[in-house]
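Report on one structure; see the data block that follows.
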Amino acid sequence: MGPRAGALANPGLILVMWLTAHWSRPQAEGFSQGGLDASRADTWASANTSLLQGFWCQPASQLSQDQLSALIRRMASQQVLLKAWQLSCLANLAARRGLQGDFALHPPDLLLFYNPPPARSLAQVREADCRAFTRRAAQGDTELLANLPDQRAALQHLALACLGGLPPRLSASDLLLLGVLVCDMDASSIVASDPHVLQNLQRCPRLTPAQQAALNTLLARGRTMLGPPSSWNLEGLQALGPLAAYISPSLWMQVQEAVGLAFFGSMVATYRTGTLSQRDARRFVTSFLEAKAKSLSSRPKRGTGRPCVRGNITAATLQDNLFLLHYDCSQLEFCLGSRVLRANLDPLLQHPLPAECQRVVKAKLAQVYPSGIPEEQLQLITSLVYLYSFTEIGQWNITSRNTVMALLASDVALENQTEAILQKFLDHKGRVTSALLVAIGGSRLCWMSPQQIQAIQPSEFRLAGALDISSCPQSRKNVLYTKAREAFGSTRTTAAYYRLMRPYLGGAPVEELQYLAQANVSMDIHTFTNLNPQVLQNLSVDKVTTLLGQNVGDLQKARSHPAISSWLRSLNRSALGSPPTHLGYLPLAVALPSSLLWLLYWGTLGPGGDCSWGTCTMASEHSNVPAPHAGKLGLVDGAGRLPRPLCKPPVHGTWPRPTC
């Protein structure tokens, strides 16, 4: 058992008690290399944000309880943004040091990785503690839990438990408690909620189609602070923030024309300053223009006999934030002259052009530059790159690193465009440097050809640091792993080697993972879920347990992740050894890894035991008799029952109706 295990009896600490296994091994030597160590703890506890963002778990495990507590509080006060892989192992460190009871002083993002109590322990948690924990955790970024679907489901379960179950209508105080967790609510719950739900929804990175429909239903009823659409004003619409991008054309048609025009201009102005994403801006413009088109279609049309009815587009025209309301895509084609386009490409593309209008601009550029767009103009067409084919890009002349960075800075460039743009740069004796790799991001490595990746000098790869390649297809991960081995293979210590190689282990063969397991690196769960699923099939239970080390309990938080569930399904019972018969309701905080893996195995395969809400009855492989009674330690009534994985994680937008 970990330090201060007796404190788990305290109701305040039950709230954040661990379901992780306190499995300890001697840590590998040298973890202080290049990271936090006990001798420098005082420096780190007063470090600035950029230094704290380099937090590394293995050396931090050498800190005392007070030192680690000071470090975590410093992170909270400095509002340090850590990655998910850092937070998951930091949460485990905090648990082993008995610090989770100080959650009010910890970063909200860190609380997302603390385990809520088992269902049977909720009755022992004071309501005030439950609400305080949930309210602070709900201020965090739940997108960090992308690889921990079961942890996200557990937090939702805790939030509902704090409310005493799902109420028919979420009140303003309920919504204040739930925070960003509302982003997983289904459409019916949104519609039935207090109008303050809009404040919660503003924090959602995206809304599902069903949630978008619910938002428009709520707005159409006129019960929000905006009132009915016919009474909306500019200030109210601006207060909606990113939600305004989801307003349907039918609602825009009900808004007073002067208000709609003023808001349209403000949205375009916001986009042109770079503070509104291209995705949200284009969604808004498309919806608003659709409403305008429907409104105009109901009016009698008068022919003019001229294709360009709005007048020729000039430089002054393009400075107007209402430009797109005056010139639809058809008028853009007829009214935009070659000379104006050549001289004003930048201000034109500063408008959030709909896709149809973008195609018009591309066609006009082909007329103006039949031999290929000049390089100085290429740096301006970032939003159009996705429209160009490999062959068309072959006509470009790319000699500058700045051009590459401009063309690949946006998410709109796809796989073919990335490879083609880089190839044109390389053909002109360009080099993929560390600065370029950092500028375009790790995701662009996914779309480079194997030959282009091999052309990167190991020294540049080393200088680029940790690049996120988790979104890459497996074939690219394999190539990038080989390149990383070439760059970091000569690192002196295993600890330093693992730190440098960690982002690229998704392409590692089984021999590499076995080596790291022997070195006791205690791999974090996020790195583990990004390993090659086929390679995972070749790892035994013992190897996985050793590889994860002190983080092995995090399997419970991610048991529904495809990589982990497929590994569990590949196991057979003989690989797990004999079923444990001594645990009963023993919390996983004090469970052995073998017992944890048996629990996950049952939860994945459903071997026919009596599984009801929150528990599974263990049955012997050769008998229908439940496992023997397990004594008193950590038990709640009953014999041979283990906490069952709470529920299958909800599909985004379906909570709060967990599927059990």
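By order of appearance in the structure tokens: chains A, B, ..., then residues from 1 within every chain, and ligands from 1 in the order shown.
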Write out as an MDAnalysis selection string each polymer residue whose atoms come within 7 Å of A:Ser560, counting only C-alpha atoms; drop sequence neighbours fewer than 5 positions from it.
-> chainID A and resid 149:150 565
Mind running stretch 401-452 of chain A against stretch 377-387 of chain A at 12 Å and telling me each contacting residue's nearest atom pair with the distance in Å (one decimal), counting only C-alpha atoms, chain and number ascending, as a tab-separated table?
residue	atom	partner	partner_atom	distance
A:Arg401	CA	A:Gln379	CA	10.5
A:Asn402	CA	A:Gln379	CA	7.7
A:Thr403	CA	A:Gln379	CA	5.3
A:Val404	CA	A:Gln379	CA	8.1
A:Met405	CA	A:Gln379	CA	8.5
A:Ala406	CA	A:Gln379	CA	5.4
A:Leu407	CA	A:Thr382	CA	4.9
A:Leu408	CA	A:Thr382	CA	7.2
A:Ala409	CA	A:Thr382	CA	7.4
A:Ser410	CA	A:Thr382	CA	6.5
A:Asp411	CA	A:Ser383	CA	8.9
A:Val412	CA	A:Tyr386	CA	5.6
A:Ala413	CA	A:Tyr386	CA	4.8
A:Leu414	CA	A:Tyr386	CA	6.1
A:Glu415	CA	A:Tyr386	CA	9.3
A:Asn416	CA	A:Tyr386	CA	8.9
A:Gln417	CA	A:Tyr386	CA	6.9
A:Thr418	CA	A:Val385	CA	9.4
A:Ala420	CA	A:Val385	CA	11.0
A:Ile421	CA	A:Val385	CA	9.7
Suppose you want the space between atom CA of A:Asp320 and atom CA of A:Thr273; what is it in Å?
-> 14.0 Å
Of the candidates A:Asn478, A:Asn92, A:Ser470, A:Asn344, which shows the shortest atom-to-atom distance to A:Gly553, using only C-alpha atoms?
->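 For A:Gly553, the nearest of the candidates is A:Asn92.
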If we count only C-alpha atoms, what is near A:Glu333 at a cut-off of 10 Å, once residues fewer than 4 positions away on the same chain are taken out, given as a list in words?
->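 Within the cut-off, the hits are Pro307, Cys308, Tyr327, Asp328, Cys329, Gly337, Cys357, Arg359, Val360, Val361, Ala363 and Lys364 of chain A.
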Per DSSP on the backbone, filter stretch 88-293 of chain A down to the residues in helix (DSSP H, G or I) and report them as a ChimeraX atom specification.
-> /A:88-96,100-105,108-111,119-124,127-137,142-145,149-162,172-184,187-192,197-201,209-220,229-231,234-239,241-246,249-252,257-272,278-293
Identify, on the basis of only C-alpha atoms, every residue whose closest approach to A:Leu513 does not exceed 10 Å; exclude the query and any residue fewer than 6 positions from it along the same chain; express the result as a list in words.
-> Leu505, Ala519, Met523, Leu531, Val535, Leu536, Leu539, Lys543, Val544 and Leu547 of chain A
Of the candidates A:Ala487, A:Leu240, A:Leu112, A:Leu201, which shows the shortest atom-to-atom distance to A:Ala214, using only C-alpha atoms?
->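 Between A:Ala487, A:Leu240, A:Leu112, A:Leu201, the residue approaching A:Ala214 most closely is A:Leu201.
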Near-A:Ala220 list (12 Å; only C-alpha atoms; drop same-chain fewer than 2 positions) as JSON, numbers by chain | {"A": [191, 195, 213, 214, 215, 216, 217, 218, 222, 223, 224, 225, 226, 227, 228, 229, 230, 231, 232, 247, 248, 249, 250, 251, 252, 253, 254, 255]}
Nearby residues (only C-alpha atoms) at most 8 Å from A:Asp194, same-chain spacing under 3 positions excluded, as a ChimeraX atom specification = /A:169-172,197
Smallest atom-to-atom distance to A:Ser389: which of A:Ser188, A:Val438, A:Lys362, A:Ile456, using only C-alpha atoms?
->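 That would be A:Lys362, the residue with the smallest distance to A:Ser389.
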With only C-alpha atoms as the atoms that count, which of A:Ala435, A:Met185, A:Leu198, A:Leu155 lies nearest to A:Asn115?
->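 Among A:Ala435, A:Met185, A:Leu198, A:Leu155, it is A:Leu155 that comes nearest to A:Asn115.
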What's the 12 Å shell around A:Gly274, counting only C-alpha atoms, without same-chain residues fewer than 6 positions away, as a VMD selection string?
-> chain A and resid 267 to 268 280 to 281 350 to 352
Pick from A:Ile313, A:Ile190, A:Leu144, A:Leu426 nearest to A:His526, counting only C-alpha atoms | A:Leu144
State, in Å with one decimal place, the distance from atom CA of A:Thr491 to atom CA of A:Gln452.
->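 Answer for the atom CA of A:Thr491 to atom CA of A:Gln452 separation: 24.3 Å.
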Choose the residue, out of A:Gln256, A:Gln451, A:Gln139, A:Ser400, that has the smallest atom-to-atom separation from A:Arg203; count only C-alpha atoms.
->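 Of the candidates, the smallest distance to A:Arg203 is held by A:Gln139.
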